[in-house]
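Visitor: Let me give you the structure first, and then I'll get to my questions.
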Number of protein chains: 2
Amino acid sequence: MTQVHDTATETATEAPTSAVDAANTTSAETSPETPAINVEWLGEYLLGKWAKARKESRALMANPDLHQVAGLSMADHRERVLNQMSILVDNDAIQRAFPTALGGHDDHGGNIAAFEEVVLADPSLQIKSGVQWGLFGAAVLHLGTKEHHDKWLPDIMNLTTPGAFAMTEIGHGSDVASIATTATYDPDTDEFVINTPFRAAWKDYLGNAALHGKAATVFAQLITNDVNHGVHAFYVPLRDDNGFLPGLSGEDDGLKGGLNGIDNGRLHFDHVRVPRINLLNRYGNVDENGEYTSDIDSPGRRFFTMLGTLVQGRVSLDGAAVLASKLALTIAIKYGSERRQFTASSNTNEEVILDYQRHQRRLLPRLAQTYAMSFAHEEFLDKFDGVFSGRTDTDADRQDLETIAAALKPLSTWAALDTLQEAREACGGAGFMAENRLTQMRADLDVYATFEGDNNVLLQLVAKRLLTDYSRKFAGADAGALAQYVADQVSEAAVNRTGLRRFAQNVVDFGSTARSIGYVRDTDSQRQLLTDRVETMVADVAGKLRAATKLPQAEAAALFNSHQNQLIMTAYAHAELLQWEAFTRALEKIEDKDTAKVMTWLRDLFGFSLIEKNLAWYLMHGRISTNRAQAITDYIDDRLLPRLRPQALDLVAAFGLTDELVRAPIASGAEAVRQNEARDYFADRRASGEEPVHEKDLKQKKRR
Amino acid sequence: MTQVHDTATETATEAPTSAVDAANTTSAETSPETPAINVEWLGEYLLGKWAKARKESRALMANPDLHQVAGLSMADHRERVLNQMSILVDNDAIQRAFPTALGGHDDHGGNIAAFEEVVLADPSLQIKSGVQWGLFGAAVLHLGTKEHHDKWLPDIMNLTTPGAFAMTEIGHGSDVASIATTATYDPDTDEFVINTPFRAAWKDYLGNAALHGKAATVFAQLITNDVNHGVHAFYVPLRDDNGFLPGLSGEDDGLKGGLNGIDNGRLHFDHVRVPRINLLNRYGNVDENGEYTSDIDSPGRRFFTMLGTLVQGRVSLDGAAVLASKLALTIAIKYGSERRQFTASSNTNEEVILDYQRHQRRLLPRLAQTYAMSFAHEEFLDKFDGVFSGRTDTDADRQDLETIAAALKPLSTWAALDTLQEAREACGGAGFMAENRLTQMRADLDVYATFEGDNNVLLQLVAKRLLTDYSRKFAGADAGALAQYVADQVSEAAVNRTGLRRFAQNVVDFGSTARSIGYVRDTDSQRQLLTDRVETMVADVAGKLRAATKLPQAEAAALFNSHQNQLIMTAYAHAELLQWEAFTRALEKIEDKDTAKVMTWLRDLFGFSLIEKNLAWYLMHGRISTNRAQAITDYIDDRLLPRLRPQALDLVAAFGLTDELVRAPIASGAEAVRQNEARDYFADRRASGEEPVHEKDLKQKKRR
């Protein structure tokens with residue numbers, strides 16, 4: 001034990017290299033005082049740029065009429081959520097992103113911020129709203145033109161026309177470019193003929209398709225004059241009051257693993273005719289002679305541009321995942337601060353379970369990760385708003401936005417599932433009770449990992465971008481070829497091919513110094529370790545794949561496939577770096593000293609956890625010595641966890657989730673009341689001598 | 001890439017050191033033939049010693065009346081499961097463990113084997129049956145005496161008396177010794193008075209308590225003549241046809257995260273009187289004068305002996321978790337072998353998703369783990385049967401059984417959740433549909449991680465045992481003191497304190513040679529690496545904790561708490577070794593060469609995955625060089641996954657889960673039918689010239 005302590009002390013007494021790091025050295029071992037964070041300020045800070053929209057949305061989400069009711073039948077849950085959407089309309093909660101001319105606010109960031117908070121009421125309401133206004137409505141808004149807006153958006157906004165977003169086909173989940181539904185122009189009638197050629201081309205998993213959808217934006221291969229111009233969107237009426245219109249048919253997807261307030265279903269089209277005008281023609285038009293025109297010459301770029309307008313789905317899933325993690329940790333940390341386990345009859349002090357190291361190990365690194373995700377999301381949302389408001393809307397911005405979305409959404413949606421599960425288990429049997437919300441929230445968020453882009457596919461898009469950038473910089477002409485093979489693997493999904501404006505500015509700043517690691521606790525050192533890993537992994541896999549350019553196609557594909565896992569791990573490391581960078585940037589604006597100190601510990605816990613998780617890599621690549629490696633784990637266990645333990649309640653309090661938003665009896669204080677009653681009972685009995693002696697104690701007495 | 005290949009080839013051409021290892025060197029690179037495993041034989045082998053009971057149970061579980069119906073209301077689901085239990089009774093499916101004299105078979109292993117398979121029908125049915133016959137009935141059987149058996153068991157067996165197992169209290173989940181319910185003997189009336197002193201002492205989460213239970217085995221502190229003799233079990237009638245009997249009351253736990261076919265509830269007792277005879281008195285008796293006697297003098301040992309009779313819960317959860325993992329992999333691997341993604345219009349060969357390396361990385365190591373879990377479970381079940389049949393029933397056997405249970409149940413129940421989730425995501429949106437069963441199975445098994453002993457608590461029991469053994473061997477007198485502190489942390493839970501008869505015989509066989517690793521692929525080398533890690537971790541943490549014996553109690557407790565995570569990680573490593581050992585022993589009995597070869601690859605994948613996961617440890621402790629470390633990952637990616645890919649369908653076929661047991665449409669072949677229809681459609685269109693030319697291709701042509 002002595003040796004372990006020495007290592008940590010050594011580290012702790014190294015000279016700090018920045019103001020933020022100075023916080024580290026003035027802590028526990030020298031000063032026994034516990035810093036007190038400014039919870040109110042931190043809470044406001046976490047709400048971010050769109051605090052107002054978030055607060056308005058939270059105030060609305062406190063309304064019991066919007067809350068999920070456990071145990072509803074699927075039919076009742078669907079009906080309830082449809083009604084809740086009307087409540088959103090009546091409360092002016094859905095119009096932020098729509099044009100001012102139509103009663104909206106042209107406020108894209110605020111719209112997403114408010115929309116994310118809906119997850120706290122019921123994820124089904126969030127996603128069904130997302131289908132209606134964020135996908136169906138947004139497709140009309142972003143892919144259509146003024147005539148379409150005026151004609152259809154008002155009824156979409158006020159829910160007169162509930163609609164489906166008919167993109168995904170059974171046969172093609174994440175591969176939109178290969179969908180098989182066709183829209184063939186018929187000049188004789190000036191109509192498009194929408195058709196489903198076979199079973200695998202049925203549109204599937206569409207919210208609003210099973211019951212409520214009266215129209216849909218249908219994605220299909222646009223064919224005119226015997227040329228296929230690729231995927232375009234069409235506005236297609238689905239139902240009138242008597243049900244499906246002629247040529248249309250479908251099925252109910254039925255019960256799902258979660259989100260059962262949404263009526264997902266399948267659709268198929270038997271030569272369904274719509275007027276030519278129903279082509280959402282912002283990026284491609286067909287005239288009455290069947291002549292196709294587009295402002296974007298390249299079919300590939302046109303496709304990506306169209307899909308790019310739909311990135312907000314990924315933005316809002318990322319934000320919702322962050323909120324779900326905050327909810328889970330609020331519940332588990334409140335409960336862990338009250339729950340006493342093993343209150344034996346002995347005289348030892350009764351600890352609450354959050355005092356156990358293992359419990360801290362389970363919850364506090366996830367708390368640090370959630371803060372990192374929250375700050376990363378705020379930057380992501382700002383980037384999104386910049387592009388969609390036109391404030392910073394270059395091609396490069398749009399490409400970066402796509403890459404950030406493809407990096408952050410997988411990590412946060414996986415992290416939410418992991419955190420919800422750990423919180424559930426940390427609350428024991430109580431965590432399994434539906435009333436405490438953890439299990440249902442996890443069930444609902446499960447599918448976030450595979451919709452709006454399967455997480456594994458999205459990470460390959462990130463890897464592709466990293467390779468492209470690397471190749472441009474170091475290998476010139478190979479760039480396109482290199483990227484092409486990744487593209488073939490993940491198909492033509494929604495990311496662009498051109499260079500990355502670095503979200504993380506520091507990726508190439510170190511090079512030769514990367515091998516001489518300073519103090520792991522130092523901000524620059526953490527950055528260097530994390531950045532160097534990403535850089536080295538990119539260079540490593542790029543080197544292995546370079547041979548692909550000289551190989552026949554099949555062999556090249558095989559070579560890429562044999563490094564697919566490495567590519568995804570590389571993208572994952574990059575995404576973690578983005579989160580760490582965002583957390584670190586967020587520290588810079590914290591002025592209150594105690595708050596800065598605690599938040600720096602928390603950032604360190606996040607950084608150290610990342611390094612600890614990937615320790616084998618650092619050791620194998622000589623970036624961290626064996627001694628340093630052990631010191632990292634010791635520092636987490638001996639310093640960071642004990643320092644952060646007393647801050648845990650404040651750190652979740654800053655999430656600002658009121659009782660109306662949390663709604664979990666185990667996080668209500670009831671546990672502490674029960675525990676105190678039991679403690680007082682035994683204290684009284686002992687004092688009064690009523691408590692019977694234990695056989696065990698009698699025997700011990702005899703032996704003496 | 002060349003370098004990577006060289007490393008692997010080098011490894012592969014090293015001389016084999018055993019017959020089993022010889023299988024490795026005659027493979028892929030020299031012989032392009034794919035070995036064909038004997039699926040039928042392997043299937044029988046996996047069914048194990050109680051194949052007959054398993055087959056009978058599977059035949060019964062194919063009955064649709066026993067299947068879970070998705071989307072039932074909680075009330076209907078509870079009613080359905082109660083009725084299903086009668087079907088089990090009518091089909092002689094529940095009596096195996098009960099005495100021959102009462103119509104049973106005294107067949108403990110067969111009983112558990114058959115009972116585990118019930119999870120395939122509906123986990124609610126498994127657990128509610130477990131409550132009735134494996135907990136409530138087993139308490140009467142194992143804690144009661146002949147008079148109790150004759151009086152109560154027949155009605156328990158035939159379900160005339162549905163019952164609850166009232167042990168857990170709200171205030172004490174895993175800490176049974178500290179429950180607060182009392183049973184005080186009243187000599188005036190020759191009765192015990194069962195009483196709940198405060199809210200935290202309510203019995204909670206009890207199956208059969210909310211609705212159906214007519215009686216319960218209630219665990220309470222037995223008090224007579226003002227002495228508390230510790231926890232004993234009492235048979236207490238709960239309800240007649242009019243509801244709760246006087247003094248009894250309770251609440252319904254309501255909706256849960258899963259297992260909603262079970263009516264869990266809470267109970268409390270207001271001075272409820274039961275005849276003295278209702279004390280289940282096998283291990284402790286009270287006579288009419290209130291005199292307490294027991295064959296077991298030590299109250300602690302008596303308590304553990306009583307709880308030890310209930311180990312079958314952990315046995316059957318372990319087995320059920322193995323089966324759920326088999327189900328998940330059967331579904332995901334069948335689907336992954338049919339599903340084509342990105343079937344672009346290009347001419348490249350269309351791969352199924354299981355051909356992607358990442359997909360293999362996600363599923364095949366979990367397949368290897370499931371085989372390891374399956375073989376480990378079979379040994380566990382045999383050990384259980386040995387003890388409960390009296391065949392090998394020494395104190396040491398019972399202690400080992402407890403330790404094995406505490407080691408294997410956490411790993412398998414966590415692995416099942418992980419595998420079900422990965423399988424769900426690997427099936428994309430289809431995996432989220434309730435009809436494909438993965439989400440509901442995961443929801444139902446969620447609580448397996450925290451009931452019948454919280455996984456983290458169980459692993460601490462294992463750690464305690466490892467420390468005790470280590471101390472006995474190396475430190476003599478310190479043993480008791482060392483273990484005591486772990487005991488205080490996890491309380492007096494159900495494990496004994498005496499020495500471990502090693503399940504893994506080889507733990508101490510290496511010592512000085514552990515640092516010179518041979519070939520990682522070699523069986524002995526894998527064993528050495530895995531064993532050495534466990535040994536070293538035990539010695540390491542024991543060394544750090546030794547100081548505890550000289551510290552005041554509070555400081556000693558703090559020292560232990562500061563190594564709690566390390567203790568649990570040590571126990572985890574030990575449990576993984578148990579699984580690896582079981583898999584390796586299982587290889588010895590495989591005679592068919594091809595089957596042996598493939599199964600050895602699979603065992604290697606399991607062993608390599610364990611080493612890869614803990615690579616940082618091996619590097620930090622100098623057990624594996626950097627080059628060797630890289631070779632391990634390369635060998636998994638370049639050799640084991642490609643070799644096992646073509647075996648995947650056979651390896652899940654050997655699980656023997658028929659369509660009636662799987663019941664997932666995506667694993668039915670429907671996907672292949674759809675895919676083929678789509679492929680044929682496009683082939684026809686291209687052949688007939690009907691397929692329109694793509695704008696992209698037109699543009700490329702122009703450019704040339």
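A note on labels: chains of the structure tokens are A, B, ... as shown, every chain counts residues from 1, and ligands are counted from 1 in their shown order.
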Please identify which residues in segment 64-132 of chain A DSSP calls helix (DSSP H, G or I) from the backbone, and express them as a PyMOL selection string.

Guide: chain A and resi 64-66+74-90+100-102+108-120+123-132

Visitor: Under the rule of at most 6 Å, produce a per-residue listing of chain A near chain B: chain, number, name, the closest pair of atoms, and the distance in Å, as CSV, using only C-alpha atoms.

Guide:
residue,atom,partner,partner_atom,distance
A:Met1,CA,B:Lys544,CA,5.2
A:Asp175,CA,B:Phe342,CA,5.5
A:Ser178,CA,B:Ala344,CA,5.2
A:Ala200,CA,B:Arg674,CA,5.4
A:Asp226,CA,B:Pro692,CA,4.9
A:Val227,CA,B:Val693,CA,5.0
A:Asn228,CA,B:His694,CA,4.6
A:His229,CA,B:Glu695,CA,5.2
A:Leu255,CA,B:Ala434,CA,5.4
A:Lys256,CA,B:Met433,CA,4.4
A:Gly257,CA,B:Thr439,CA,5.0
A:Phe342,CA,B:Asp175,CA,5.5
A:Ala344,CA,B:Ser178,CA,5.3
A:Gln357,CA,B:Asn561,CA,5.9
A:Arg358,CA,B:Asn565,CA,5.0
A:Gly428,CA,B:Thr450,CA,5.9
A:Phe432,CA,B:Gly257,CA,5.3
A:Met433,CA,B:Lys256,CA,4.4
A:Ala434,CA,B:Lys256,CA,4.5
A:Thr439,CA,B:Gly257,CA,5.0
A:Thr450,CA,B:Gly428,CA,5.9
A:Ser491,CA,B:Phe342,CA,6.0
A:Lys544,CA,B:Met1,CA,5.1
A:Asn561,CA,B:Gln357,CA,5.9
A:Gln564,CA,B:Arg358,CA,5.9
A:Asn565,CA,B:Arg358,CA,5.0
A:Leu615,CA,B:Ala616,CA,5.6
A:Ala616,CA,B:Ala616,CA,4.1
A:Met620,CA,B:Thr626,CA,5.1
A:Thr626,CA,B:Met620,CA,5.1
A:Arg674,CA,B:Ala200,CA,5.4
A:Pro692,CA,B:Asp226,CA,4.9
A:Val693,CA,B:Val227,CA,5.0
A:His694,CA,B:Asn228,CA,4.6
A:Glu695,CA,B:His229,CA,5.2

Visitor: Could you tell me how far atom CA of Leu143 of chain B lies from atom CA of Ala210 of chain B, in Å and to one decimal?

Guide: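 Interatomic distance, atom CA of Leu143 of chain B to atom CA of Ala210 of chain B: 24.3 Å.
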
Visitor: Using only C-alpha atoms, which of the listed residues (B:Pro187, B:Gly313, B:Gly144, B:Pro123) sits closest to Gly261 of chain B?

Guide: B:Pro123

Visitor: As a ChimeraX atom specification, please: every residue in segment 70-217 of chain A that DSSP puts in strand (DSSP E or B).

Guide: /A:163-166,169,172,182-186,191-195,203-206,215-217

Visitor: Find the residues near Arg266 of chain A: any atom within 12 Å, counting only C-alpha atoms, skip ones fewer than 5 places away on the same chain, and give them as a VMD selection string.

Guide: chain A and resid 164 to 170 196 199 to 211 213 216 238 248 to 254
